[in-house]
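**Student:** The structure follows.
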Amino acid sequence: GQNISVSAVIGADGGTISIPDAGLTLIVPPGAVTSSTTFTATALAGRLAAYEFEPHGTKFAVPLRFTQDLTKLSLLGALTAPVLDGAYFTDTGKLNENLGRAAVTEILPATVDLLRLQVGFPINHFSGYLVSWH
């Protein structure tokens with residue numbers, strides 16, 4: 001129905017930020033940032049598993065780990081898809097909720113854990129990301 005945002009201050013020791021209602025967990029490993037940084041994750045309303053992360057443009061010394069709980073998505077689409085990936089989009093104008101599609105700039109290879117019903121992929125910088133199936 002509406003966007004959900006959470007924020008956390010995470011330093012050089014790493015940490016986690018999550019949006020349980022959307023099924024997102026973002027793991028910030030030690031060394032990803034050198035000083036305390038306010039991380040914000042926003043689950044975008046709609047049928048796409050799309051998120052925006054701030055501060056936009058932040059690059060990480062060690063990749064973050066994006067994990068999506070597949071039970072929070074349409075399992076029929078996610079589990080019958082031949083390939084699940086992560087995808088980077090530059091702005092929300094690239095998302096088409098009506099068609100359930102997005103114009104993405106980069107596809108990120110993902111790993112799928114069917115025992116835990118999760119998909120995950122690395123994030124090297126902050127912007128918009130989504131779970132893609134095709």
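Simple scheme: letters A, B, ... for chains in structure tokens order, numbers from 1 for residues in each chain, numbers from 1 for ligands in the order shown.
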Which polymer residues have any atom within 12 Å of an atom of range 6-12 of chain A, counting only C-alpha atoms, with same-chain residues fewer than 6 positions away left out, as JSON, numbers by chain?

**Tutor:** {"A": [18, 19, 20, 21, 22, 24, 25, 26, 27, 28, 29, 30, 31, 32, 33, 34, 35, 36, 37, 38, 39, 40, 41, 42, 43, 44, 51, 52, 53, 54, 55, 60, 61, 62]}

**Student:** Considering only alpha helix (DSSP H) as DSSP defines it on the backbone, what residues of chain A qualify? List them as a PyMOL selection string.

**Tutor:** chain A and resi 75-80

**Student:** Please report the interatomic distance between CA of Val119 in chain A and CA of Val131 in chain A in Å with one decimal.

**Tutor:**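 CA of Val131 in chain A lies 8.1 Å from CA of Val119 in chain A.
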
**Student:** Could you give me, as a VMD selection string, each residue of chain A that DSSP assigns to strand (DSSP E or B) when run on this structure's backbone?

**Tutor:** chain A and resid 4 to 10 15 to 19 24 to 28 37 to 43 50 to 54 59 to 69 84 to 89 95 to 96 101 to 102 106 to 109 111 to 113 118 to 125 128 to 133

**Student:** May I have the residues from that selection written out with C-alpha atoms, as a short mmCIF file (atom, residue, chain, number, x, y, z; two decimals), in the first residue's frame?

**Tutor:**
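Output file result37.cif follows:
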```
data_model
loop_
_atom_site.label_atom_id
_atom_site.label_comp_id
_atom_site.auth_asym_id
_atom_site.auth_seq_id
_atom_site.Cartn_x
_atom_site.Cartn_y
_atom_site.Cartn_z
CA ILE A 4 8.20 1.51 4.20
CA SER A 5 11.48 3.13 5.30
CA VAL A 6 13.90 2.20 8.05
CA SER A 7 17.21 3.77 9.06
CA ALA A 8 20.17 2.68 11.15
CA VAL A 9 23.58 4.11 11.94
CA ILE A 10 26.21 1.52 11.01
CA GLY A 15 25.65 -4.30 11.02
CA THR A 16 22.27 -5.12 9.58
CA ILE A 17 19.25 -3.19 8.45
CA SER A 18 15.96 -4.93 7.70
CA ILE A 19 12.35 -4.38 6.71
CA LEU A 24 14.46 -7.38 3.15
CA THR A 25 17.67 -7.91 5.08
CA LEU A 26 20.76 -5.89 4.17
CA ILE A 27 24.00 -7.05 5.76
CA VAL A 28 26.77 -4.48 6.04
CA THR A 37 26.97 6.17 8.37
CA THR A 38 23.19 6.51 8.46
CA PHE A 39 21.79 3.83 6.16
CA THR A 40 18.19 4.14 4.94
CA ALA A 41 16.31 1.40 3.12
CA THR A 42 12.91 2.02 1.56
CA ALA A 43 10.66 -0.76 0.31
CA ALA A 50 11.99 -2.84 -5.41
CA TYR A 51 13.99 -0.85 -2.87
CA GLU A 52 15.83 2.45 -2.69
CA PHE A 53 18.90 2.82 -0.50
CA GLU A 54 20.52 5.96 0.87
CA LYS A 59 30.33 3.16 -2.59
CA PHE A 60 31.47 0.37 -0.32
CA ALA A 61 34.96 -1.01 0.29
CA VAL A 62 33.38 -4.44 0.91
CA PRO A 63 30.13 -5.37 -0.89
CA LEU A 64 26.93 -5.42 1.14
CA ARG A 65 24.65 -8.47 0.99
CA PHE A 66 21.03 -7.96 -0.09
CA THR A 67 18.69 -10.79 0.95
CA GLN A 68 15.01 -11.07 0.02
CA ASP A 69 12.62 -13.46 1.76
CA LEU A 84 16.29 -14.95 -10.28
CA ASP A 85 18.72 -12.04 -10.27
CA GLY A 86 19.31 -8.74 -8.60
CA ALA A 87 18.97 -5.62 -10.71
CA TYR A 88 20.06 -2.00 -10.35
CA PHE A 89 17.78 0.83 -11.48
CA LEU A 95 9.68 1.11 -12.66
CA ASN A 96 6.40 0.21 -14.36
CA ARG A 101 8.55 -4.47 -15.25
CA ALA A 102 11.58 -2.24 -14.79
CA GLU A 106 22.75 -3.66 -14.46
CA ILE A 107 21.87 -7.29 -13.72
CA LEU A 108 23.54 -8.77 -10.63
CA PRO A 109 23.93 -12.56 -10.39
CA THR A 111 22.12 -16.96 -5.28
CA VAL A 112 18.88 -18.72 -4.40
CA ASP A 113 18.45 -20.71 -1.19
CA GLN A 118 15.68 -16.52 0.02
CA VAL A 119 17.48 -14.85 -2.85
CA GLY A 120 20.57 -12.70 -2.33
CA PHE A 121 23.10 -10.65 -4.23
CA PRO A 122 25.97 -8.24 -3.52
CA ILE A 123 25.62 -4.45 -3.57
CA ASN A 124 28.68 -2.30 -4.25
CA HIS A 125 26.98 1.12 -4.18
CA GLY A 128 17.74 1.41 -6.37
CA TYR A 129 17.68 -2.39 -6.49
CA LEU A 130 15.08 -5.03 -7.13
CA VAL A 131 14.65 -8.77 -7.36
CA SER A 132 14.24 -9.72 -11.01
CA TRP A 133 12.87 -12.89 -12.47
#
```

**Student:** Excluding same-chain residues fewer than 3 positions from Phe126 in chain A, what lies within 6 Å of it counting only C-alpha atoms, as number ranges by chain?

**Tutor:** A: 53, 56-58

**Student:** So how far away is CA of Gln2 in chain A from CA of Lys94 in chain A, in Å?

**Tutor:**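 CA of Gln2 in chain A lies at a distance of 18.1 Å from CA of Lys94 in chain A.
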
**Student:** Restricting the calculation to only C-alpha atoms: of A:Leu117, A:Leu48, A:Lys72, A:Gly14, which residue gets closest to Gly100 in chain A?

**Tutor:** A:Leu48

**Student:** Rounded to one decimal place, report the CA of Thr105 in chain A-CA of Ala49 in chain A distance in Å.

**Tutor:** 16.2 Å
